[in-house]
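Asks: TSV, C-alpha atoms (C1' of nucleotides), saved as model.tsv, coming up:
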```tsv
chain	number	residue	atom	x	y	z
A	1	MET	CA	-33.63	25.84	8.07
A	2	LYS	CA	-33.13	23.15	5.47
A	3	TRP	CA	-33.08	23.35	1.69
A	4	ASP	CA	-36.75	22.50	1.22
A	5	GLU	CA	-37.80	25.10	3.77
A	6	LEU	CA	-35.66	27.74	2.07
A	7	ARG	CA	-37.59	27.31	-1.18
A	8	GLU	CA	-40.87	28.03	0.62
A	9	GLU	CA	-39.69	31.32	2.06
A	10	ASP	CA	-41.35	34.53	1.12
A	11	CYS	CA	-38.14	36.48	0.50
A	12	PRO	CA	-36.84	36.27	-3.07
A	13	VAL	CA	-33.26	36.13	-1.83
A	14	ALA	CA	-34.08	32.94	0.03
A	15	ARG	CA	-35.94	31.47	-2.93
A	16	GLY	CA	-33.09	32.33	-5.27
A	17	LEU	CA	-30.58	30.75	-2.94
A	18	SER	CA	-32.66	27.59	-2.74
A	19	VAL	CA	-31.64	27.13	-6.38
A	20	ILE	CA	-28.10	28.55	-6.61
A	21	GLY	CA	-27.04	28.88	-2.98
A	22	ASP	CA	-24.30	26.33	-2.75
A	23	ARG	CA	-20.64	25.99	-3.52
A	24	TRP	CA	-20.99	24.28	-6.91
A	25	THR	CA	-24.12	25.35	-8.71
A	26	MET	CA	-22.88	28.65	-10.11
A	27	LEU	CA	-19.66	26.98	-11.25
A	28	VAL	CA	-21.68	24.42	-13.17
A	29	LEU	CA	-23.69	27.23	-14.72
A	30	ARG	CA	-20.53	29.16	-15.58
A	31	ASP	CA	-19.40	26.18	-17.61
A	32	CYS	CA	-22.81	25.97	-19.26
A	33	PHE	CA	-22.52	29.61	-20.32
A	34	LEU	CA	-19.09	28.78	-21.73
A	35	GLY	CA	-20.67	26.09	-23.88
A	36	ILE	CA	-19.74	23.02	-21.86
A	37	ARG	CA	-22.55	20.50	-22.12
A	38	ARG	CA	-21.36	17.07	-21.02
A	39	PHE	CA	-20.91	15.36	-17.72
A	40	GLU	CA	-17.35	14.21	-18.27
A	41	GLU	CA	-16.13	17.57	-19.43
A	42	MET	CA	-17.70	19.40	-16.53
A	43	GLN	CA	-16.30	16.95	-14.06
A	44	ALA	CA	-12.80	17.28	-15.48
A	45	ARG	CA	-12.90	21.10	-15.60
A	46	LEU	CA	-14.54	21.69	-12.25
A	47	GLY	CA	-12.78	19.27	-9.95
A	48	ILE	CA	-16.17	18.42	-8.47
A	49	THR	CA	-16.86	14.85	-7.39
A	50	ARG	CA	-18.94	12.86	-9.84
A	51	HIS	CA	-21.46	12.21	-7.14
A	52	VAL	CA	-22.10	15.86	-6.41
A	53	LEU	CA	-22.09	16.82	-10.08
A	54	ALA	CA	-24.76	14.23	-10.85
A	55	ASP	CA	-26.80	15.54	-7.94
A	56	ARG	CA	-26.50	19.22	-8.99
A	57	LEU	CA	-27.37	18.50	-12.60
A	58	ARG	CA	-30.47	16.67	-11.47
A	59	LYS	CA	-31.50	19.50	-9.17
A	60	LEU	CA	-30.90	22.13	-11.83
A	61	GLU	CA	-32.99	20.11	-14.24
A	62	ALA	CA	-35.75	19.73	-11.65
A	63	ASP	CA	-35.65	23.49	-11.08
A	64	GLY	CA	-35.93	24.17	-14.80
A	65	VAL	CA	-32.54	25.84	-15.09
A	66	LEU	CA	-31.00	23.16	-17.31
A	67	ARG	CA	-32.55	20.86	-19.88
A	68	ARG	CA	-31.26	17.30	-20.32
A	69	ASP	CA	-31.11	16.40	-24.02
A	70	GLN	CA	-30.38	12.91	-25.23
A	71	TYR	CA	-27.88	13.23	-28.06
A	72	GLN	CA	-27.40	9.52	-28.72
A	73	GLU	CA	-29.16	6.24	-28.03
A	74	ARG	CA	-27.55	2.98	-27.03
A	75	PRO	CA	-25.72	3.75	-24.96
A	76	ALA	CA	-27.94	6.65	-23.94
A	77	ARG	CA	-25.94	9.85	-23.68
A	78	PHE	CA	-27.14	13.23	-22.56
A	79	GLU	CA	-26.10	16.81	-22.64
A	80	TYR	CA	-27.16	19.69	-20.47
A	81	ARG	CA	-28.19	23.06	-21.84
A	82	LEU	CA	-29.42	26.24	-20.24
A	83	THR	CA	-33.14	26.92	-20.45
A	84	GLU	CA	-34.44	30.50	-20.69
A	85	LYS	CA	-34.72	30.47	-16.92
A	86	GLY	CA	-31.08	29.43	-16.76
A	87	LYS	CA	-29.96	32.06	-19.26
A	88	ALA	CA	-31.75	34.64	-17.15
A	89	LEU	CA	-29.16	34.00	-14.44
A	90	TYR	CA	-26.50	35.67	-16.56
A	91	PRO	CA	-26.72	39.01	-14.72
A	92	VAL	CA	-26.15	37.25	-11.40
A	93	LEU	CA	-23.06	35.57	-12.80
A	94	VAL	CA	-21.73	38.78	-14.34
A	95	SER	CA	-22.33	40.78	-11.17
A	96	LEU	CA	-20.43	38.16	-9.25
A	97	VAL	CA	-17.54	38.25	-11.71
A	98	ALA	CA	-17.41	42.04	-11.57
A	99	TRP	CA	-17.35	42.01	-7.79
A	100	ALA	CA	-14.74	39.29	-7.50
A	101	ASP	CA	-12.50	40.98	-10.06
A	102	GLN	CA	-12.52	44.17	-8.09
A	103	HIS	CA	-12.57	42.85	-4.56
A	104	VAL	CA	-11.23	39.31	-4.34
A	105	PRO	CA	-7.66	39.44	-5.58
A	106	ALA	CA	-6.23	36.57	-7.54
A	107	ARG	CA	-2.63	35.53	-7.20
A	108	GLU	CA	-2.12	36.13	-10.88
A	109	GLN	CA	-4.06	38.33	-13.25
A	110	SER	CA	-7.80	38.01	-13.17
A	111	GLY	CA	-9.15	35.08	-15.09
A	112	ILE	CA	-11.49	36.62	-17.64
A	113	THR	CA	-12.51	39.88	-19.21
A	114	LEU	CA	-15.95	40.50	-20.65
A	115	LEU	CA	-16.02	41.93	-24.16
A	116	SER	CA	-18.84	43.35	-26.24
A	117	ARG	CA	-19.66	40.97	-29.05
A	118	ASP	CA	-20.36	43.99	-31.27
A	119	THR	CA	-17.36	46.20	-30.70
A	120	GLY	CA	-14.87	43.90	-29.02
A	121	GLU	CA	-14.40	46.53	-26.33
A	122	PRO	CA	-14.16	45.55	-22.66
A	123	LEU	CA	-17.40	45.96	-20.76
A	124	GLU	CA	-17.98	47.56	-17.42
A	125	PRO	CA	-21.12	45.93	-16.02
A	126	THR	CA	-23.37	48.29	-14.07
A	127	LEU	CA	-26.79	47.75	-12.64
A	128	THR	CA	-29.27	50.39	-13.78
A	129	ASP	CA	-33.01	50.90	-13.88
A	130	ALA	CA	-34.40	49.90	-17.26
A	131	LYS	CA	-36.75	52.90	-17.40
A	132	THR	CA	-34.65	55.79	-16.16
A	133	GLY	CA	-31.15	54.47	-16.66
A	134	GLN	CA	-30.41	55.52	-13.09
A	135	LYS	CA	-27.63	53.59	-11.39
A	136	ILE	CA	-28.77	51.15	-8.73
A	137	THR	CA	-26.77	51.15	-5.51
A	138	HIS	CA	-27.65	50.51	-1.90
A	139	LEU	CA	-27.92	54.29	-1.49
A	140	THR	CA	-30.42	54.95	-4.25
A	141	VAL	CA	-32.81	52.13	-3.48
A	142	THR	CA	-35.24	51.19	-0.77
A	143	ALA	CA	-36.97	47.86	-0.46
A	144	ARG	CA	-40.65	47.56	0.31
A	145	SER	CA	-42.16	44.40	1.68
A	146	ASN	CA	-45.35	43.37	-0.12
A	147	ARG	CA	-47.51	42.19	2.72
B	1	MET	CA	-12.14	20.92	-4.18
B	2	LYS	CA	-12.47	22.42	-0.73
B	3	TRP	CA	-13.18	25.99	0.38
B	4	ASP	CA	-9.53	27.02	0.69
B	5	GLU	CA	-8.71	25.67	-2.73
B	6	LEU	CA	-11.65	27.51	-4.27
B	7	ARG	CA	-10.27	30.84	-3.11
B	8	GLU	CA	-6.99	30.15	-4.94
B	9	GLU	CA	-8.65	29.54	-8.28
B	10	ASP	CA	-7.95	31.75	-11.22
B	11	CYS	CA	-11.58	32.16	-12.26
B	12	PRO	CA	-13.38	35.11	-10.63
B	13	VAL	CA	-16.57	33.08	-10.32
B	14	ALA	CA	-14.73	30.59	-8.15
B	15	ARG	CA	-13.09	33.32	-6.08
B	16	GLY	CA	-16.42	35.06	-5.60
B	17	LEU	CA	-18.05	31.85	-4.52
B	18	SER	CA	-15.31	31.20	-2.01
B	19	VAL	CA	-16.79	34.20	-0.18
B	20	ILE	CA	-20.53	33.99	-0.82
B	21	GLY	CA	-21.05	30.48	-2.20
B	22	ASP	CA	-23.05	28.88	0.55
B	23	ARG	CA	-26.61	28.64	1.77
B	24	TRP	CA	-26.40	31.35	4.42
B	25	THR	CA	-23.95	34.07	3.52
B	26	MET	CA	-26.15	36.07	1.15
B	27	LEU	CA	-29.03	35.88	3.62
B	28	VAL	CA	-26.81	37.35	6.31
B	29	LEU	CA	-25.79	40.10	3.90
B	30	ARG	CA	-29.41	40.73	2.95
B	31	ASP	CA	-30.13	41.46	6.59
B	32	CYS	CA	-27.09	43.70	6.78
B	33	PHE	CA	-28.39	45.70	3.81
B	34	LEU	CA	-31.71	45.97	5.64
B	35	GLY	CA	-29.91	47.51	8.61
B	36	ILE	CA	-29.75	44.51	10.91
B	37	ARG	CA	-26.52	44.65	12.85
B	38	ARG	CA	-26.69	42.34	15.85
B	39	PHE	CA	-26.21	38.67	16.41
B	40	GLU	CA	-29.44	38.03	18.25
B	41	GLU	CA	-31.58	39.83	15.73
B	42	MET	CA	-30.00	38.04	12.78
B	43	GLN	CA	-30.38	34.70	14.45
B	44	ALA	CA	-34.03	35.32	15.19
B	45	ARG	CA	-34.83	36.58	11.67
B	46	LEU	CA	-32.85	34.04	9.71
B	47	GLY	CA	-33.62	30.77	11.44
B	48	ILE	CA	-29.93	29.92	11.18
B	49	THR	CA	-28.29	28.02	14.00
B	50	ARG	CA	-26.22	30.18	16.32
B	51	HIS	CA	-23.20	28.08	15.59
B	52	VAL	CA	-23.33	28.63	11.85
B	53	LEU	CA	-24.15	32.32	12.22
B	54	ALA	CA	-21.12	32.86	14.46
B	55	ASP	CA	-18.99	31.05	11.90
B	56	ARG	CA	-20.30	33.05	8.92
B	57	LEU	CA	-19.88	36.38	10.66
B	58	ARG	CA	-16.31	35.48	11.45
B	59	LYS	CA	-15.62	34.45	7.87
B	60	LEU	CA	-17.22	37.57	6.45
B	61	GLU	CA	-15.15	39.67	8.78
B	62	ALA	CA	-11.99	37.80	7.79
B	63	ASP	CA	-12.87	38.39	4.13
B	64	GLY	CA	-13.36	42.11	4.74
B	65	VAL	CA	-17.05	42.08	3.84
B	66	LEU	CA	-18.25	42.97	7.33
B	67	ARG	CA	-16.65	44.99	10.09
B	68	ARG	CA	-17.11	44.07	13.74
B	69	ASP	CA	-17.64	47.19	15.83
B	70	GLN	CA	-17.70	47.17	19.59
B	71	TYR	CA	-20.65	49.30	20.70
B	72	GLN	CA	-20.32	48.73	24.43
B	73	GLU	CA	-17.73	47.52	26.91
B	74	ARG	CA	-18.34	45.24	29.84
B	75	PRO	CA	-19.90	43.12	28.76
B	76	ALA	CA	-18.31	43.55	25.35
B	77	ARG	CA	-20.97	43.79	22.67
B	78	PHE	CA	-20.46	44.02	18.94
B	79	GLU	CA	-22.33	44.88	15.85
B	80	TYR	CA	-21.63	43.95	12.28
B	81	ARG	CA	-21.68	46.46	9.45
B	82	LEU	CA	-20.97	46.23	5.76
B	83	THR	CA	-17.62	47.49	4.57
B	84	GLU	CA	-17.22	49.09	1.14
B	85	LYS	CA	-16.34	45.66	-0.17
B	86	GLY	CA	-19.55	44.34	1.33
B	87	LYS	CA	-21.66	47.19	-0.05
B	88	ALA	CA	-20.20	46.44	-3.47
B	89	LEU	CA	-22.08	43.14	-3.35
B	90	TYR	CA	-25.37	44.98	-3.73
B	91	PRO	CA	-25.63	44.33	-7.48
B	92	VAL	CA	-25.23	40.61	-6.90
B	93	LEU	CA	-28.02	40.67	-4.36
B	94	VAL	CA	-30.29	42.75	-6.57
B	95	SER	CA	-29.66	40.56	-9.61
B	96	LEU	CA	-30.56	37.56	-7.53
B	97	VAL	CA	-33.76	39.18	-6.29
B	98	ALA	CA	-34.74	40.17	-9.82
B	99	TRP	CA	-34.16	36.65	-11.08
B	100	ALA	CA	-35.98	34.95	-8.23
B	101	ASP	CA	-38.95	37.31	-8.54
B	102	GLN	CA	-39.35	36.46	-12.19
B	103	HIS	CA	-38.41	32.80	-12.18
B	104	VAL	CA	-38.83	31.23	-8.77
B	105	PRO	CA	-42.49	31.57	-7.89
B	106	ALA	CA	-43.53	32.18	-4.30
B	107	ARG	CA	-46.68	30.71	-2.88
B	108	GLU	CA	-47.90	34.18	-2.07
B	109	GLN	CA	-46.93	37.48	-3.58
B	110	SER	CA	-43.26	38.20	-3.93
B	111	GLY	CA	-41.61	39.39	-0.76
B	112	ILE	CA	-40.16	42.76	-1.71
B	113	THR	CA	-40.20	45.43	-4.38
B	114	LEU	CA	-37.29	47.75	-5.03
B	115	LEU	CA	-38.13	51.44	-5.15
B	116	SER	CA	-36.14	54.46	-6.23
B	117	ARG	CA	-35.25	56.53	-3.20
B	118	ASP	CA	-35.66	59.64	-5.36
B	119	THR	CA	-38.97	59.07	-7.08
B	120	GLY	CA	-40.50	56.22	-5.11
B	121	GLU	CA	-41.16	54.43	-8.39
B	122	PRO	CA	-40.54	50.67	-8.69
B	123	LEU	CA	-37.21	49.82	-10.27
B	124	GLU	CA	-36.48	47.35	-13.00
B	125	PRO	CA	-32.85	46.32	-12.51
B	126	THR	CA	-30.94	45.74	-15.74
B	127	LEU	CA	-27.29	45.06	-16.30
B	128	THR	CA	-25.73	47.49	-18.78
B	129	ASP	CA	-22.29	48.61	-19.84
B	130	ALA	CA	-21.29	51.76	-17.98
B	131	LYS	CA	-19.77	53.34	-21.10
B	132	THR	CA	-22.25	52.60	-23.86
B	133	GLY	CA	-25.37	51.82	-21.84
B	134	GLN	CA	-25.76	48.68	-23.93
B	135	LYS	CA	-27.66	45.86	-22.26
B	136	ILE	CA	-25.53	42.95	-21.12
B	137	THR	CA	-26.91	39.50	-21.91
B	138	HIS	CA	-25.30	36.19	-22.68
B	139	LEU	CA	-25.87	36.99	-26.36
B	140	THR	CA	-24.09	40.34	-26.46
B	141	VAL	CA	-21.01	39.35	-24.50
B	142	THR	CA	-18.00	37.13	-24.97
B	143	ALA	CA	-15.53	36.24	-22.28
B	144	ARG	CA	-11.79	36.29	-22.87
B	145	SER	CA	-9.36	34.44	-20.68
B	146	ASN	CA	-6.38	36.56	-19.63
B	147	ARG	CA	-3.56	34.08	-19.97
C	1	DT	C1'	-9.27	-9.11	-26.36
C	2	DT	C1'	-8.15	-5.26	-24.18
C	3	DC	C1'	-8.55	-0.06	-24.14
C	4	DG	C1'	-11.07	4.02	-24.22
C	5	DT	C1'	-15.32	6.87	-23.72
C	6	DA	C1'	-19.52	8.58	-21.47
C	7	DA	C1'	-22.54	8.92	-17.75
C	8	DG	C1'	-23.40	7.58	-13.92
C	9	DT	C1'	-23.68	4.62	-9.10
C	10	DT	C1'	-21.76	2.55	-4.85
C	11	DC	C1'	-19.21	2.55	-0.64
C	12	DC	C1'	-16.89	4.59	3.06
C	13	DA	C1'	-14.65	8.39	5.52
C	14	DA	C1'	-14.51	13.40	6.55
C	15	DA	C1'	-16.59	17.91	6.91
C	16	DA	C1'	-20.49	20.85	7.66
C	17	DA	C1'	-25.04	21.86	9.47
C	18	DG	C1'	-29.03	21.31	12.72
C	19	DG	C1'	-30.87	21.45	17.49
C	20	DA	C1'	-30.88	22.09	22.13
C	21	DA	C1'	-28.66	23.36	26.28
C	22	DC	C1'	-25.07	25.84	28.80
C	23	DG	C1'	-21.88	29.92	30.17
C	24	DC	C1'	-20.78	34.47	31.26
C	25	DA	C1'	-21.16	39.24	32.33
C	26	DC	C1'	-23.87	42.31	33.01
C	27	DT	C1'	-28.91	45.03	33.62
C	28	DT	C1'	-33.62	45.37	35.05
C	29	DG	C1'	-37.72	44.31	37.76
C	30	DT	C1'	-39.84	43.08	42.26
D	1	DA	C1'	-31.28	40.69	47.64
D	2	DC	C1'	-32.72	37.63	44.26
D	3	DA	C1'	-34.76	36.13	40.00
D	4	DA	C1'	-35.29	36.88	35.29
D	5	DG	C1'	-33.77	38.92	31.01
D	6	DT	C1'	-30.30	40.30	27.38
D	7	DG	C1'	-26.47	39.59	24.16
D	8	DC	C1'	-23.07	36.80	22.21
D	9	DG	C1'	-21.41	33.22	21.91
D	10	DT	C1'	-19.65	27.81	22.90
D	11	DT	C1'	-20.48	22.73	23.74
D	12	DC	C1'	-22.31	18.38	22.77
D	13	DC	C1'	-24.51	15.26	19.94
D	14	DT	C1'	-27.07	13.86	15.68
D	15	DT	C1'	-28.13	14.28	10.76
D	16	DT	C1'	-26.89	15.81	6.21
D	17	DT	C1'	-23.68	16.82	2.75
D	18	DT	C1'	-19.06	16.26	0.54
D	19	DG	C1'	-14.85	14.06	-0.81
D	20	DG	C1'	-12.38	10.28	-2.97
D	21	DA	C1'	-11.85	6.22	-5.22
D	22	DA	C1'	-13.55	2.16	-7.36
D	23	DC	C1'	-17.19	-0.14	-9.98
D	24	DT	C1'	-21.00	-0.56	-13.78
D	25	DT	C1'	-23.01	-0.58	-18.33
D	26	DA	C1'	-22.97	-0.25	-23.21
D	27	DC	C1'	-20.76	0.52	-26.76
D	28	DG	C1'	-16.68	1.52	-30.66
D	29	DA	C1'	-11.75	1.18	-31.99
D	30	DA	C1'	-7.01	-0.98	-32.14
```
Would you give me this structure, written as structure tokens?

Replies:
Amino acid sequence: MKWDELREEDCPVARGLSVIGDRWTMLVLRDCFLGIRRFEEMQARLGITRHVLADRLRKLEADGVLRRDQYQERPARFEYRLTEKGKALYPVLVSLVAWADQHVPAREQSGITLLSRDTGEPLEPTLTDAKTGQKITHLTVTARSNR
Amino acid sequence: MKWDELREEDCPVARGLSVIGDRWTMLVLRDCFLGIRRFEEMQARLGITRHVLADRLRKLEADGVLRRDQYQERPARFEYRLTEKGKALYPVLVSLVAWADQHVPAREQSGITLLSRDTGEPLEPTLTDAKTGQKITHLTVTARSNR
DNA sequence: TTCGTAAGTTCCAAAAAGGAACGCACTTGT
DNA sequence: ACAAGTGCGTTCCTTTTTGGAACTTACGAA
């Protein structure tokens, strides 16, 4: 299965991965969430090749995850910002961080801690049901196919 | 940056992606969460080439996400099951499903709905702080680097 | 005039993925 | 007995994707 076929799949996992399912995309989005907006800065921070970065930015724009804003004319210069669709990926990013912190050891201390903007306290991200507040784990959930 | 270098990064996003940051891995894990355990069945369901599937299963085993259990001798036959580390990826998978359902439209109806195993009601997955129950969004959180 | 900055593009080599067929050690059906 | 089927891969070859470095274009500053 190729990338274009993946996007046409019925399963939401497959469709999600058609957007973020590669080595670089979530790293680009991480930088976007950290406020990085420009090509040069991303390239320097990420250690991605310019070629691939240009390609990913274009795909993310085409998918509506990033918006390309011109911030100067002549020479034309652009910056990339998260759209609402892009911002909605935050839980995926945070879940990934939480998992990696617990299960993929770093040589040194873990890279980042998440803090509440209100209280400054460290956060412990948990997936719950919005209505009942019940924790969501593979034991408490079943999946039903809609067909 | 190559795969091996990614794993050595300080950032937990990078370390997480060194395990699940490719087109196929999360699809393999999706099937594992659905109870699929054998090579042939995965290959048939996923439309992945046998070569790549064999490679991913090996990598996931090496990373401690799956366990390879021999279920018969002569000829030796194996099945793959999630370890605790693998099961801990459930929130990442669910966050991805929730995002794709809302933001990556399918041609037909969405593939799956998540139901509470207790009540049978549909679930609305939300990321909250385990202590305060506060919702976690990119607006309510700051990240601090630990160095 | 040369240097630096920003956002790419071009070119070529290396790595990864796709596709189909083959191998091996059984088990089952006729 | 013999052919076909099952399960889990591996091999071989082609296509796609990355990596790495240099080049381009349009400026502003020293």

Asks: Which residues, written as a list of chain:residue names, have at least one atom at most 8 Å from A:Leu96, with all atoms listed in the file counted and residues fewer than 4 positions away on the same chain left out?

Replies: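 Once the nearby chain positions are removed, what remains is A:Val92, A:Ala100, B:Pro12, B:Val13, B:Gly16, B:Leu89, B:Val92.
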
Asks: To one decimal place in Å, what is the distance between atom CA of B:Ala76 and atom CA of B:Arg37?

Replies: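 Between these atoms lies a distance of 15.0 Å.
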
Asks: Atom CA of B:Thr128 and atom CA of A:Glu124, how far apart in Å?

Replies: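 According to the coordinates, atom CA of A:Glu124 and atom CA of B:Thr128 are separated by 7.9 Å.
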
Asks: If we count all atoms listed in the file, what is near stretch 21-26 of chain A at a cut-off of 8 Å, once residues fewer than 5 positions away on the same chain are taken out, given as a VMD selection string?

Replies: (chain A and resid 16 48 56 93) or (chain B and resid 13 17 to 18 21 to 24)

Asks: Could you write out that same residue set with C-alpha atoms as an mmCIF file, keeping the file's coordinate frame?

Replies:
```cif
data_model
loop_
_atom_site.group_PDB
_atom_site.id
_atom_site.type_symbol
_atom_site.label_atom_id
_atom_site.label_comp_id
_atom_site.auth_asym_id
_atom_site.auth_seq_id
_atom_site.Cartn_x
_atom_site.Cartn_y
_atom_site.Cartn_z
ATOM 1 C CA GLY A 16 -33.090 32.330 -5.270
ATOM 2 C CA ILE A 48 -16.170 18.420 -8.470
ATOM 3 C CA ARG A 56 -26.500 19.220 -8.990
ATOM 4 C CA LEU A 93 -23.060 35.570 -12.800
ATOM 5 C CA VAL B 13 -16.570 33.080 -10.320
ATOM 6 C CA LEU B 17 -18.050 31.850 -4.520
ATOM 7 C CA SER B 18 -15.310 31.200 -2.010
ATOM 8 C CA GLY B 21 -21.050 30.480 -2.200
ATOM 9 C CA ASP B 22 -23.050 28.880 0.550
ATOM 10 C CA ARG B 23 -26.610 28.640 1.770
ATOM 11 C CA TRP B 24 -26.400 31.350 4.420
#
```

Asks: Write out as a tab-separated table a residue-level contact list of chain D versus chain A with cut-off 10 Å: for each qualifying residue the closest pair of atoms and the distance in Å to one decimal, counting only C-alpha atoms (C1' of nucleotides), rows sorted by chain and residue number upward.

Replies:
```
residue	atom	partner	partner_atom	distance
D:DT16	C1'	A:Lys2	CA	9.7
D:DT17	C1'	A:Val52	CA	9.3
D:DT18	C1'	A:Val52	CA	7.6
D:DG19	C1'	A:Thr49	CA	6.9
D:DG20	C1'	A:Thr49	CA	7.8
D:DT25	C1'	A:Pro75	CA	8.4
D:DA26	C1'	A:Pro75	CA	5.2
D:DC27	C1'	A:Pro75	CA	6.2
```

Asks: Take atom CA of A:Arg67 and atom CA of B:Leu139 and report the distance between them in Å, one decimal.

Replies: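 Value for the atom CA of A:Arg67-atom CA of B:Leu139 distance: 18.6 Å.
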
Asks: With 8 Å as the cut-off and all atoms listed in the file counted, what is the closest atom pair between each nearby residue of chain C and chain A? Distances in Å to one decimal, ordered by chain and number, as a tab-separated table.

Replies:
```
residue	atom	partner	partner_atom	distance
C:DA6	C1'	A:Glu40	CA	6.8
C:DA7	C1'	A:Phe39	CA	6.6
C:DG8	C1'	A:Ala54	CA	7.4
C:DG18	C1'	A:Met1	CA	8.0
```

Asks: At most 6 Å is the cut-off: for each residue in chain B with any atom that close to an atom of chain A, write down the nearest atom pair and the distance in Å rounded to one decimal, counting only C-alpha atoms, chain first then increasing number, as CSV.

Replies:
```
residue,atom,partner,partner_atom,distance
B:Asp10,CA,A:Gly111,CA,5.2
B:Cys11,CA,A:Gly111,CA,4.7
B:Pro12,CA,A:Val97,CA,5.3
B:Val13,CA,A:Val97,CA,5.4
B:Gly16,CA,A:Ala100,CA,4.9
B:Gly21,CA,A:Arg23,CA,4.7
B:Asp22,CA,A:Asp22,CA,4.4
B:Arg23,CA,A:Gly21,CA,4.8
B:Gly47,CA,A:Met1,CA,6.0
B:Val92,CA,A:Ser95,CA,5.2
B:Ser95,CA,A:Val92,CA,5.1
B:Leu96,CA,A:Val92,CA,5.9
B:Val97,CA,A:Pro12,CA,5.3
B:Ala100,CA,A:Gly16,CA,4.9
B:Asp101,CA,A:Pro12,CA,6.0
B:Gly111,CA,A:Cys11,CA,4.7
B:Ile112,CA,A:Ser145,CA,4.3
B:Thr113,CA,A:Arg144,CA,5.2
B:Leu114,CA,A:Ala143,CA,4.6
B:Leu115,CA,A:Thr142,CA,5.3
B:Ser116,CA,A:Val141,CA,4.9
B:Arg117,CA,A:Val141,CA,5.0
B:Leu123,CA,A:Asp129,CA,5.6
B:Glu124,CA,A:Asp129,CA,5.0
B:Pro125,CA,A:Asp129,CA,4.8
B:Thr126,CA,A:Thr128,CA,5.3
B:Leu127,CA,A:Leu127,CA,4.6
B:Thr128,CA,A:Thr126,CA,5.3
B:Asp129,CA,A:Pro125,CA,4.8
B:Ala130,CA,A:Glu124,CA,5.4
B:Thr140,CA,A:Arg117,CA,5.2
B:Val141,CA,A:Ser116,CA,4.9
B:Thr142,CA,A:Leu115,CA,5.3
B:Ala143,CA,A:Leu114,CA,4.6
B:Arg144,CA,A:Thr113,CA,5.2
B:Ser145,CA,A:Ile112,CA,4.3
B:Asn146,CA,A:Ile112,CA,5.5
```

Asks: Can you pull out every residue within 12 Å of C:DT30, counting only C-alpha atoms (C1' of nucleotides), but drop anything in the same chain fewer than 6 positions away, and send it as a list of chain:residue names?

Replies: D:DA1, D:DC2, D:DA3, D:DA4

Asks: Taking the point (-10.2, -0.3, -31.4) as given in the file, collect each protein or nucleic acid residue that comes within 10 Å of it, counting only C-alpha atoms (C1' of nucleotides), and present the set as a PDB file with C-alpha atoms (C1' of nucleotides), in the coordinates of the input.

Replies:
```pdb
ATOM      1  C1'  DT C   2      -8.150  -5.260 -24.180  1.00  0.00           C
ATOM      2  C1'  DC C   3      -8.550  -0.060 -24.140  1.00  0.00           C
ATOM      3  C1'  DG C   4     -11.070   4.020 -24.220  1.00  0.00           C
TER       4       DG C   4
ATOM      5  C1'  DG D  28     -16.680   1.520 -30.660  1.00  0.00           C
ATOM      6  C1'  DA D  29     -11.750   1.180 -31.990  1.00  0.00           C
ATOM      7  C1'  DA D  30      -7.010  -0.980 -32.140  1.00  0.00           C
TER       8       DA D  30
END
```
